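Visitor: Structure supplied as entry.txt; contents: compact mmCIF, C-alpha atoms and all ligand atoms.
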# COMPACT_ATOMS: atom_id res chain seq x y z
CA MET F 8 210.68 102.28 117.17
CA ILE F 9 208.04 104.69 115.95
CA LYS F 10 209.27 107.69 114.00
CA VAL F 11 207.20 110.77 114.89
CA ILE F 12 206.93 113.83 112.66
CA VAL F 13 205.22 116.82 114.26
CA CYS F 14 203.68 119.33 111.86
CA LYS F 15 202.17 122.76 112.46
CA ASP F 16 198.64 121.92 111.35
CA TYR F 17 196.43 119.58 109.33
CA GLU F 18 197.58 121.00 105.99
CA GLU F 19 201.20 120.27 106.84
CA VAL F 20 200.26 116.76 108.07
CA SER F 21 198.60 116.15 104.69
CA ASP F 22 201.65 117.50 102.81
CA LYS F 23 204.05 115.25 104.73
CA ALA F 24 201.78 112.20 104.40
CA ALA F 25 201.48 112.82 100.65
CA GLU F 26 205.26 112.97 100.36
CA ILE F 27 205.57 109.52 102.00
CA MET F 28 202.68 108.02 100.00
CA LEU F 29 203.82 109.41 96.65
CA ASP F 30 207.33 108.22 97.26
CA VAL F 31 205.99 104.63 97.49
CA VAL F 32 203.67 104.99 94.47
CA LYS F 33 206.31 106.60 92.25
CA SER F 34 209.07 104.18 93.18
CA ASN F 35 206.80 101.14 92.75
CA PRO F 36 204.01 101.61 90.16
CA LYS F 37 202.66 98.16 91.15
CA ALA F 38 202.53 98.98 94.86
CA VAL F 39 199.86 97.48 97.11
CA LEU F 40 198.37 100.17 99.33
CA GLY F 41 196.34 99.70 102.49
CA LEU F 42 193.92 102.63 102.72
CA ALA F 43 191.84 104.21 105.45
CA THR F 44 188.68 106.27 105.80
CA GLY F 45 187.74 109.05 108.23
CA SER F 46 188.45 112.78 108.05
CA SER F 47 192.18 112.40 108.59
CA PRO F 48 193.16 111.08 105.12
CA ILE F 49 191.05 113.54 103.09
CA GLY F 50 193.85 116.12 102.71
CA LEU F 51 196.26 113.38 101.69
CA TYR F 52 193.80 112.00 99.12
CA GLN F 53 193.33 115.51 97.67
CA ARG F 54 197.07 115.79 97.22
CA MET F 55 197.26 112.37 95.53
CA ILE F 56 194.53 113.47 93.09
CA LYS F 57 196.26 116.81 92.40
CA ASP F 58 199.56 115.04 91.78
CA HIS F 59 197.85 112.55 89.45
CA GLN F 60 196.27 115.41 87.48
CA GLU F 61 199.37 117.59 87.34
CA ASN F 62 202.18 115.03 87.11
CA ASN F 63 200.35 112.07 85.55
CA THR F 64 201.40 109.71 88.32
CA SER F 65 199.62 106.50 87.33
CA TYR F 66 197.61 104.14 89.53
CA ALA F 67 196.82 101.76 86.65
CA GLU F 68 198.88 98.97 88.23
CA ILE F 69 198.23 99.87 91.88
CA THR F 70 196.17 97.56 94.09
CA THR F 71 194.36 98.84 97.19
CA PHE F 72 192.84 97.22 100.25
CA ASN F 73 190.62 99.21 102.58
CA LEU F 74 190.63 98.54 106.28
CA ASP F 75 186.95 98.28 107.02
CA GLU F 76 183.30 98.70 106.07
CA TYR F 77 180.08 99.19 108.02
CA VAL F 78 177.78 96.18 108.29
CA GLY F 79 174.28 97.16 107.20
CA LEU F 80 175.23 99.84 104.65
CA ASN F 81 175.10 98.81 101.02
CA PRO F 82 178.07 99.91 98.89
CA ASP F 83 176.00 102.70 97.32
CA HIS F 84 174.87 104.14 100.68
CA PRO F 85 176.17 107.74 100.95
CA GLN F 86 178.01 106.96 104.20
CA SER F 87 179.46 103.58 103.25
CA TYR F 88 183.23 103.46 103.14
CA HIS F 89 182.85 102.18 99.57
CA THR F 90 181.18 105.50 98.64
CA PHE F 91 183.66 107.52 100.69
CA MET F 92 186.67 105.98 98.94
CA HIS F 93 185.24 106.37 95.46
CA GLU F 94 184.18 109.99 96.00
CA ASN F 95 187.32 111.08 97.79
CA LEU F 96 189.91 109.13 95.81
CA PHE F 97 189.26 106.32 93.34
CA ASN F 98 186.92 108.21 90.95
CA HIS F 99 189.67 110.77 90.39
CA LEU F 100 192.53 108.36 89.64
CA ASP F 101 193.21 105.93 86.79
CA ILE F 102 193.00 102.96 89.17
CA LYS F 103 191.29 99.86 87.79
CA LYS F 104 188.03 98.88 89.53
CA GLU F 105 189.19 95.27 89.79
CA ASN F 106 192.25 96.37 91.76
CA VAL F 107 190.19 98.14 94.43
CA ASN F 108 189.30 95.98 97.42
CA LEU F 109 187.04 96.68 100.40
CA PRO F 110 185.52 94.08 102.73
CA SER F 111 182.13 93.04 101.32
CA VAL F 112 179.17 93.36 103.66
CA LEU F 113 176.67 91.98 101.15
CA GLY F 114 174.58 88.87 101.81
CA ASP F 115 173.77 87.16 105.10
CA ASP F 116 177.03 85.43 105.86
CA MET F 117 179.40 88.04 107.27
CA GLN F 118 181.85 85.38 108.47
CA ALA F 119 182.18 84.13 104.89
CA ASN F 120 182.87 87.73 103.79
CA CYS F 121 185.58 88.04 106.45
CA ASP F 122 187.15 84.72 105.41
CA ALA F 123 187.13 85.79 101.75
CA TYR F 124 188.87 89.09 102.58
CA ASN F 125 191.50 87.33 104.68
CA GLU F 126 192.08 84.84 101.91
CA LEU F 127 192.57 87.65 99.41
CA LEU F 128 194.87 89.57 101.76
CA SER F 129 197.02 86.50 102.21
CA LYS F 130 197.84 86.58 98.50
CA TYR F 131 199.26 90.11 98.67
CA SER F 132 201.85 91.95 100.65
CA ILE F 133 200.87 95.52 101.53
CA ASN F 134 203.75 97.89 100.81
CA LEU F 135 202.30 100.89 102.64
CA GLN F 136 199.46 100.77 105.13
CA LEU F 137 197.81 104.12 105.85
CA LEU F 138 196.08 104.44 109.22
CA GLY F 139 194.03 106.99 111.13
CA ILE F 140 193.39 106.45 114.81
CA GLY F 141 190.26 106.54 116.95
CA SER F 142 190.24 108.82 119.99
CA ASN F 143 190.25 105.59 122.04
CA GLY F 144 193.31 104.30 120.18
CA HIS F 145 191.46 101.98 117.82
CA LEU F 146 192.99 101.01 114.48
CA ALA F 147 190.46 100.49 111.69
CA PHE F 148 187.59 99.22 113.88
CA ASN F 149 189.75 97.16 116.22
CA GLU F 150 188.44 98.53 119.48
CA PRO F 151 190.23 98.36 122.87
CA GLY F 152 190.51 94.76 124.07
CA THR F 153 190.94 93.30 120.56
CA PRO F 154 193.65 90.61 120.65
CA PHE F 155 196.78 91.57 118.72
CA ASP F 156 196.54 88.39 116.65
CA SER F 157 193.10 89.24 115.28
CA VAL F 158 192.43 88.92 111.56
CA THR F 159 189.49 90.22 109.48
CA GLN F 160 186.34 89.88 111.56
CA VAL F 161 182.92 91.31 112.36
CA VAL F 162 183.08 93.65 115.34
CA ASP F 163 180.69 95.65 117.49
CA LEU F 164 181.55 99.34 117.63
CA VAL F 165 181.90 100.77 121.12
CA GLU F 166 179.78 103.67 122.34
CA SER F 167 182.53 106.30 121.97
CA THR F 168 183.13 105.28 118.33
CA ILE F 169 179.40 105.41 117.58
CA GLN F 170 179.35 108.92 119.07
CA ASP F 171 182.50 109.99 117.19
CA ASN F 172 180.87 108.81 113.94
CA ALA F 173 177.48 110.42 114.60
CA ARG F 174 178.63 113.56 112.75
CA PHE F 175 178.41 111.63 109.48
CA PHE F 176 174.82 110.55 110.23
CA ASP F 177 173.19 113.92 111.04
CA TYR F 178 174.08 113.39 114.71
CA ASP F 179 171.28 110.81 114.84
CA LEU F 180 172.68 107.95 116.93
CA SER F 181 169.96 105.60 115.71
CA LYS F 182 171.36 105.88 112.15
CA VAL F 183 174.99 105.07 113.03
CA PRO F 184 175.87 101.45 112.22
CA THR F 185 176.82 99.41 115.28
CA GLN F 186 178.91 96.75 113.54
CA SER F 187 181.59 96.61 110.93
CA ILE F 188 183.90 94.21 109.16
CA THR F 189 187.45 95.22 109.90
CA MET F 190 190.88 93.98 108.96
CA GLY F 191 192.50 92.64 112.13
CA ILE F 192 195.53 93.93 113.94
CA GLU F 193 197.63 91.05 112.64
CA ASN F 194 196.70 91.94 109.04
CA ILE F 195 197.74 95.55 109.69
CA MET F 196 201.03 94.55 111.34
CA GLU F 197 201.98 92.47 108.28
CA ALA F 198 202.40 95.61 106.13
CA GLU F 199 205.93 96.43 105.07
CA LYS F 200 205.58 100.07 106.09
CA ILE F 201 202.94 101.88 108.15
CA LEU F 202 201.94 105.56 108.02
CA LEU F 203 199.60 106.82 110.75
CA ILE F 204 198.17 110.31 110.58
CA ALA F 205 196.27 112.25 113.24
CA SER F 206 195.37 115.80 114.08
CA GLY F 207 193.50 117.68 116.77
CA LYS F 208 193.38 117.66 120.57
CA ASN F 209 190.94 114.75 120.79
CA LYS F 210 193.68 112.45 119.43
CA ALA F 211 196.40 113.62 121.86
CA GLU F 212 195.92 110.90 124.47
CA ALA F 213 195.68 108.15 121.82
CA ILE F 214 198.90 109.41 120.21
CA TYR F 215 200.64 109.53 123.59
CA GLN F 216 199.57 105.94 124.38
CA THR F 217 200.58 104.77 120.89
CA VAL F 218 204.05 106.24 120.99
CA LYS F 219 204.99 106.26 124.67
CA GLY F 220 202.45 104.08 126.47
CA GLU F 221 202.81 100.47 127.50
CA VAL F 222 202.02 98.04 124.67
CA SER F 223 198.55 96.93 125.70
CA THR F 224 195.27 95.90 124.08
CA ASP F 225 193.71 98.76 126.11
CA TRP F 226 195.20 101.04 123.43
CA PRO F 227 195.22 98.93 120.23
CA ALA F 228 197.57 101.27 118.34
CA SER F 229 200.30 100.76 120.97
CA ILE F 230 201.14 97.48 119.16
CA LEU F 231 202.72 99.63 116.45
CA GLN F 232 205.75 99.99 118.75
CA ARG F 233 206.54 96.37 117.80
CA HIS F 234 206.55 97.07 114.03
CA GLN F 235 209.87 97.82 112.35
CA ASP F 236 208.78 100.68 110.08
CA VAL F 237 206.11 103.03 111.41
CA THR F 238 205.90 106.77 110.80
CA VAL F 239 203.37 108.80 112.78
CA VAL F 240 202.61 112.22 111.27
CA VAL F 241 200.70 114.49 113.68
CA ASP F 242 199.87 118.14 114.14
CA GLU F 243 200.93 120.06 117.25
CA GLU F 244 197.63 119.46 119.02
CA ALA F 245 197.72 115.70 118.55
CA ALA F 246 201.38 115.76 119.67
CA SER F 247 200.66 117.93 122.71
CA LEU F 248 201.05 115.14 125.30
CA LEU F 249 204.25 113.65 123.85
C1 LIG Z 301 186.87 105.36 112.00
C2 LIG Z 301 187.68 104.45 111.07
C3 LIG Z 301 189.15 104.47 111.45
C4 LIG Z 301 189.62 105.91 111.57
C5 LIG Z 301 188.84 106.62 112.65
C6 LIG Z 301 189.27 108.06 112.88
O1 LIG Z 301 186.63 104.76 113.21
N1 LIG Z 301 187.24 103.10 111.07
O2 LIG Z 301 189.88 103.78 110.47
O3 LIG Z 301 190.99 105.94 111.87
O4 LIG Z 301 187.48 106.60 112.23
O5 LIG Z 301 188.59 108.92 112.02
P1 LIG Z 301 188.93 110.42 111.80
O6 LIG Z 301 190.11 110.48 110.92
O7 LIG Z 301 187.70 110.97 111.13
O8 LIG Z 301 189.16 111.03 113.13
How would this structure read if it were set down as C-alpha cells?

Guide:
Amino acid sequence: MIKVIVCKDYEEVSDKAAEIMLDVVKSNPKAVLGLATGSSPIGLYQRMIKDHQENNTSYAEITTFNLDEYVGLNPDHPQSYHTFMHENLFNHLDIKKENVNLPSVLGDDMQANCDAYNELLSKYSINLQLLGIGSNGHLAFNEPGTPFDSVTQVVDLVESTIQDNARFFDYDLSKVPTQSITMGIENIMEAEKILLIASGKNKAEAIYQTVKGEVSTDWPASILQRHQDVTVVVDEEAASLL
C-alpha cells in the first residue's frame, strides 16, 4: 500500500518531505540514506541545510548512497550528479567525505564499477530511500522495460529522458549524456522506507500509474505498490489524475 500525501505546491511538498527525512535523521544519527538528484529534491535539501545550521542536527555519522551518475562526466563536471550533490547538500552539512557514496564512472570498466557499488550496497541497509520520478515513470535511471530484479548496471537513457534532461545542458541534445550507472530496482526495493516526491503536471500520469496502475515494467515505479513502506508526497498538479 502506498501512502499518498497531496500538498498545495512544491514548497509544501518540500516541507512535508523534510519532516519525514529529518524524523529519520534525528531518531537515528547513524542512518543510511539513499539520495536522489533532479529538481524535485532541491527544496528538501535546502530545508535539511537550514535545519543543520539552525538546530545543529548532525550528519557526522550518516552514510549516503546516491542512485545514479552519468557515464562520461567526470566527478568535477558541473552537471555530474557528484557536483550536484556536493553543491546542493553535502558541502553544507558536517557529513564525512568517506561516508558519501555515488557510483563511480571513472576508468574504462563500467561493469567493474557497477559490481563494486553493488558489493558496497550489500554491506548496508538503507533506512530511507528518497526518490524522484521521471515523467515516463522511471526510478533513478531504470527506464521502462527494466526488469524488477535489476541491480546496479550501466543503462542507455531513452529519448524522453535525454530531452527532459536537456535543460541542464543548455538545451543542446548533443551534450546530454546517453548512458548512466544506476542502482537497480531491486536495490531500491530493499530500502526499509521509501519517500517519493514529485510536482507539476508533467508527472501526473507517472504518479497515477505508480499509485493506481497495474504493476508493470512499462511504468517502473509501479513496483513500489509491492513495498511495505512507501510514502508519495506530491503537489496538486502531480496528483491531478489520482
Ligand atoms: C533524473 C534522475 C531521477 C529523477 C528524475 C526526475 O532522470 N535520474 O532520479 O527522479 O531525473 O527529475 P526531476 O526531479 O528534475 O523532475

Visitor: Between F:Gly41, F:Gly191, F:Pro36, F:Gly144, which one has atoms that come closest to Ala67 in chain F, using all atoms listed in the file?

Guide: F:Pro36

Visitor: So, counting only C-alpha atoms and all ligand atoms, which residue among F:Ser47, F:Thr64, F:Asn143, F:Gln186 is closest to ligand LIG 301 (chain Z)?

Guide: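 Residue with the minimum atom-to-atom distance to ligand LIG 301 (chain Z): F:Ser47.
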
Visitor: Could you give me the residues within 9 Å of ligand LIG 301 (chain Z), counting only C-alpha atoms and all ligand atoms, as a PDB file with C-alpha atoms, keeping the file's coordinate frame?

Guide:
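Saved file result_36.pdb follows:
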ATOM      1  CA  LEU F  42     193.920 102.630 102.720  1.00  0.00           C
ATOM      2  CA  ALA F  43     191.840 104.210 105.450  1.00  0.00           C
ATOM      3  CA  THR F  44     188.680 106.270 105.800  1.00  0.00           C
ATOM      4  CA  GLY F  45     187.740 109.050 108.230  1.00  0.00           C
ATOM      5  CA  SER F  46     188.450 112.780 108.050  1.00  0.00           C
ATOM      6  CA  SER F  47     192.180 112.400 108.590  1.00  0.00           C
ATOM      7  CA  PRO F  48     193.160 111.080 105.120  1.00  0.00           C
ATOM      8  CA  ILE F  49     191.050 113.540 103.090  1.00  0.00           C
ATOM      9  CA  LEU F  74     190.630  98.540 106.280  1.00  0.00           C
ATOM     10  CA  ASP F  75     186.950  98.280 107.020  1.00  0.00           C
ATOM     11  CA  GLU F  76     183.300  98.700 106.070  1.00  0.00           C
ATOM     12  CA  TYR F  77     180.080  99.190 108.020  1.00  0.00           C
ATOM     13  CA  TYR F  88     183.230 103.460 103.140  1.00  0.00           C
ATOM     14  CA  LEU F 138     196.080 104.440 109.220  1.00  0.00           C
ATOM     15  CA  GLY F 139     194.030 106.990 111.130  1.00  0.00           C
ATOM     16  CA  ILE F 140     193.390 106.450 114.810  1.00  0.00           C
ATOM     17  CA  GLY F 141     190.260 106.540 116.950  1.00  0.00           C
ATOM     18  CA  SER F 142     190.240 108.820 119.990  1.00  0.00           C
ATOM     19  CA  GLY F 144     193.310 104.300 120.180  1.00  0.00           C
ATOM     20  CA  HIS F 145     191.460 101.980 117.820  1.00  0.00           C
ATOM     21  CA  LEU F 146     192.990 101.010 114.480  1.00  0.00           C
ATOM     22  CA  ALA F 147     190.460 100.490 111.690  1.00  0.00           C
ATOM     23  CA  PHE F 148     187.590  99.220 113.880  1.00  0.00           C
ATOM     24  CA  ASN F 149     189.750  97.160 116.220  1.00  0.00           C
ATOM     25  CA  LEU F 164     181.550  99.340 117.630  1.00  0.00           C
ATOM     26  CA  THR F 168     183.130 105.280 118.330  1.00  0.00           C
ATOM     27  CA  ILE F 169     179.400 105.410 117.580  1.00  0.00           C
ATOM     28  CA  ASP F 171     182.500 109.990 117.190  1.00  0.00           C
ATOM     29  CA  ASN F 172     180.870 108.810 113.940  1.00  0.00           C
ATOM     30  CA  SER F 187     181.590  96.610 110.930  1.00  0.00           C
ATOM     31  CA  THR F 189     187.450  95.220 109.900  1.00  0.00           C
ATOM     32  CA  LEU F 203     199.600 106.820 110.750  1.00  0.00           C
ATOM     33  CA  ILE F 204     198.170 110.310 110.580  1.00  0.00           C
ATOM     34  CA  ALA F 205     196.270 112.250 113.240  1.00  0.00           C
ATOM     35  CA  SER F 206     195.370 115.800 114.080  1.00  0.00           C
ATOM     36  CA  GLY F 207     193.500 117.680 116.770  1.00  0.00           C
ATOM     37  CA  ASN F 209     190.940 114.750 120.790  1.00  0.00           C
ATOM     38  CA  LYS F 210     193.680 112.450 119.430  1.00  0.00           C
TER      39      LYS F 210
END

Visitor: So, counting only C-alpha atoms, which residue among F:Lys200, F:Lys104, F:Lys219, F:Lys15 is closest to Val31 in chain F?

Guide: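 That would be F:Lys200, the residue with the smallest distance to Val31 in chain F.
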
Visitor: Return the single residue from F:Phe175, F:Tyr52, F:Tyr66, F:Tyr131 that is closest to Leu100 in chain F, with distances computed using only C-alpha atoms.

Guide: F:Tyr66

Visitor: Which one is closest to Pro151 in chain F: F:Ile201, F:Ala213, F:Ile69, F:Ala25? Count all atoms listed in the file.

Guide: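 The closest residue to Pro151 in chain F is F:Ala213.
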
Visitor: Quick one: residues within 12 Å of Val107 in chain F, only C-alpha atoms counted, chain neighbours fewer than 2 positions away excluded, as a short mmCIF file (atom, residue, chain, number, x, y, z; two decimals) with C-alpha atoms, in the coordinates of the input?

Guide:
data_model
loop_
_atom_site.label_atom_id
_atom_site.label_comp_id
_atom_site.auth_asym_id
_atom_site.auth_seq_id
_atom_site.Cartn_x
_atom_site.Cartn_y
_atom_site.Cartn_z
CA VAL F 39 199.86 97.48 97.11
CA LEU F 40 198.37 100.17 99.33
CA GLY F 41 196.34 99.70 102.49
CA LEU F 42 193.92 102.63 102.72
CA TYR F 66 197.61 104.14 89.53
CA ALA F 67 196.82 101.76 86.65
CA GLU F 68 198.88 98.97 88.23
CA ILE F 69 198.23 99.87 91.88
CA THR F 70 196.17 97.56 94.09
CA THR F 71 194.36 98.84 97.19
CA PHE F 72 192.84 97.22 100.25
CA ASN F 73 190.62 99.21 102.58
CA LEU F 74 190.63 98.54 106.28
CA HIS F 89 182.85 102.18 99.57
CA MET F 92 186.67 105.98 98.94
CA HIS F 93 185.24 106.37 95.46
CA LEU F 96 189.91 109.13 95.81
CA PHE F 97 189.26 106.32 93.34
CA ASN F 98 186.92 108.21 90.95
CA LEU F 100 192.53 108.36 89.64
CA ASP F 101 193.21 105.93 86.79
CA ILE F 102 193.00 102.96 89.17
CA LYS F 103 191.29 99.86 87.79
CA LYS F 104 188.03 98.88 89.53
CA GLU F 105 189.19 95.27 89.79
CA LEU F 109 187.04 96.68 100.40
CA PRO F 110 185.52 94.08 102.73
CA SER F 111 182.13 93.04 101.32
CA LEU F 127 192.57 87.65 99.41
#

Visitor: For CA of Glu197 in chain F and CA of Gln232 in chain F, determine how far apart the two atoms are, in Å to one decimal place.

Guide: 13.4 Å

Visitor: What does the distance between CA of Pro154 in chain F and CA of Leu113 in chain F come to in Å, to one decimal place?

Guide: 25.9 Å

Visitor: Env of Ile230 in chain F: 10 Å cut, atoms = all atoms listed in the file, seq-sep filter 5 positions within chain, self excluded. Answer as a PyMOL selection string.

Guide: chain F and resi 155+192-193+196+217-218+220-224

Visitor: In terms of the shortest atom-to-atom distance over only C-alpha atoms, which of F:Ala38, F:Ala198, F:Val13, F:Val158 is closest to Glu243 in chain F?

Guide: F:Val13

Visitor: Report, in Å with one decimal, the straight-line distance from CA of Pro85 in chain F to CA of Leu51 in chain F.

Guide: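 Here the two named atoms are 20.9 Å from each other.
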
Visitor: Kindly list the centre and edge lengths in Å, rounded to one decimal, for the axis-aligned box that covers all listed atoms of range 78-83 of chain F plus 8 Å on each of its six sides, as JSON.

Guide:
{"center_x": 176.2, "center_y": 99.4, "center_z": 102.8, "size_x": 19.8, "size_y": 22.5, "size_z": 27.0}
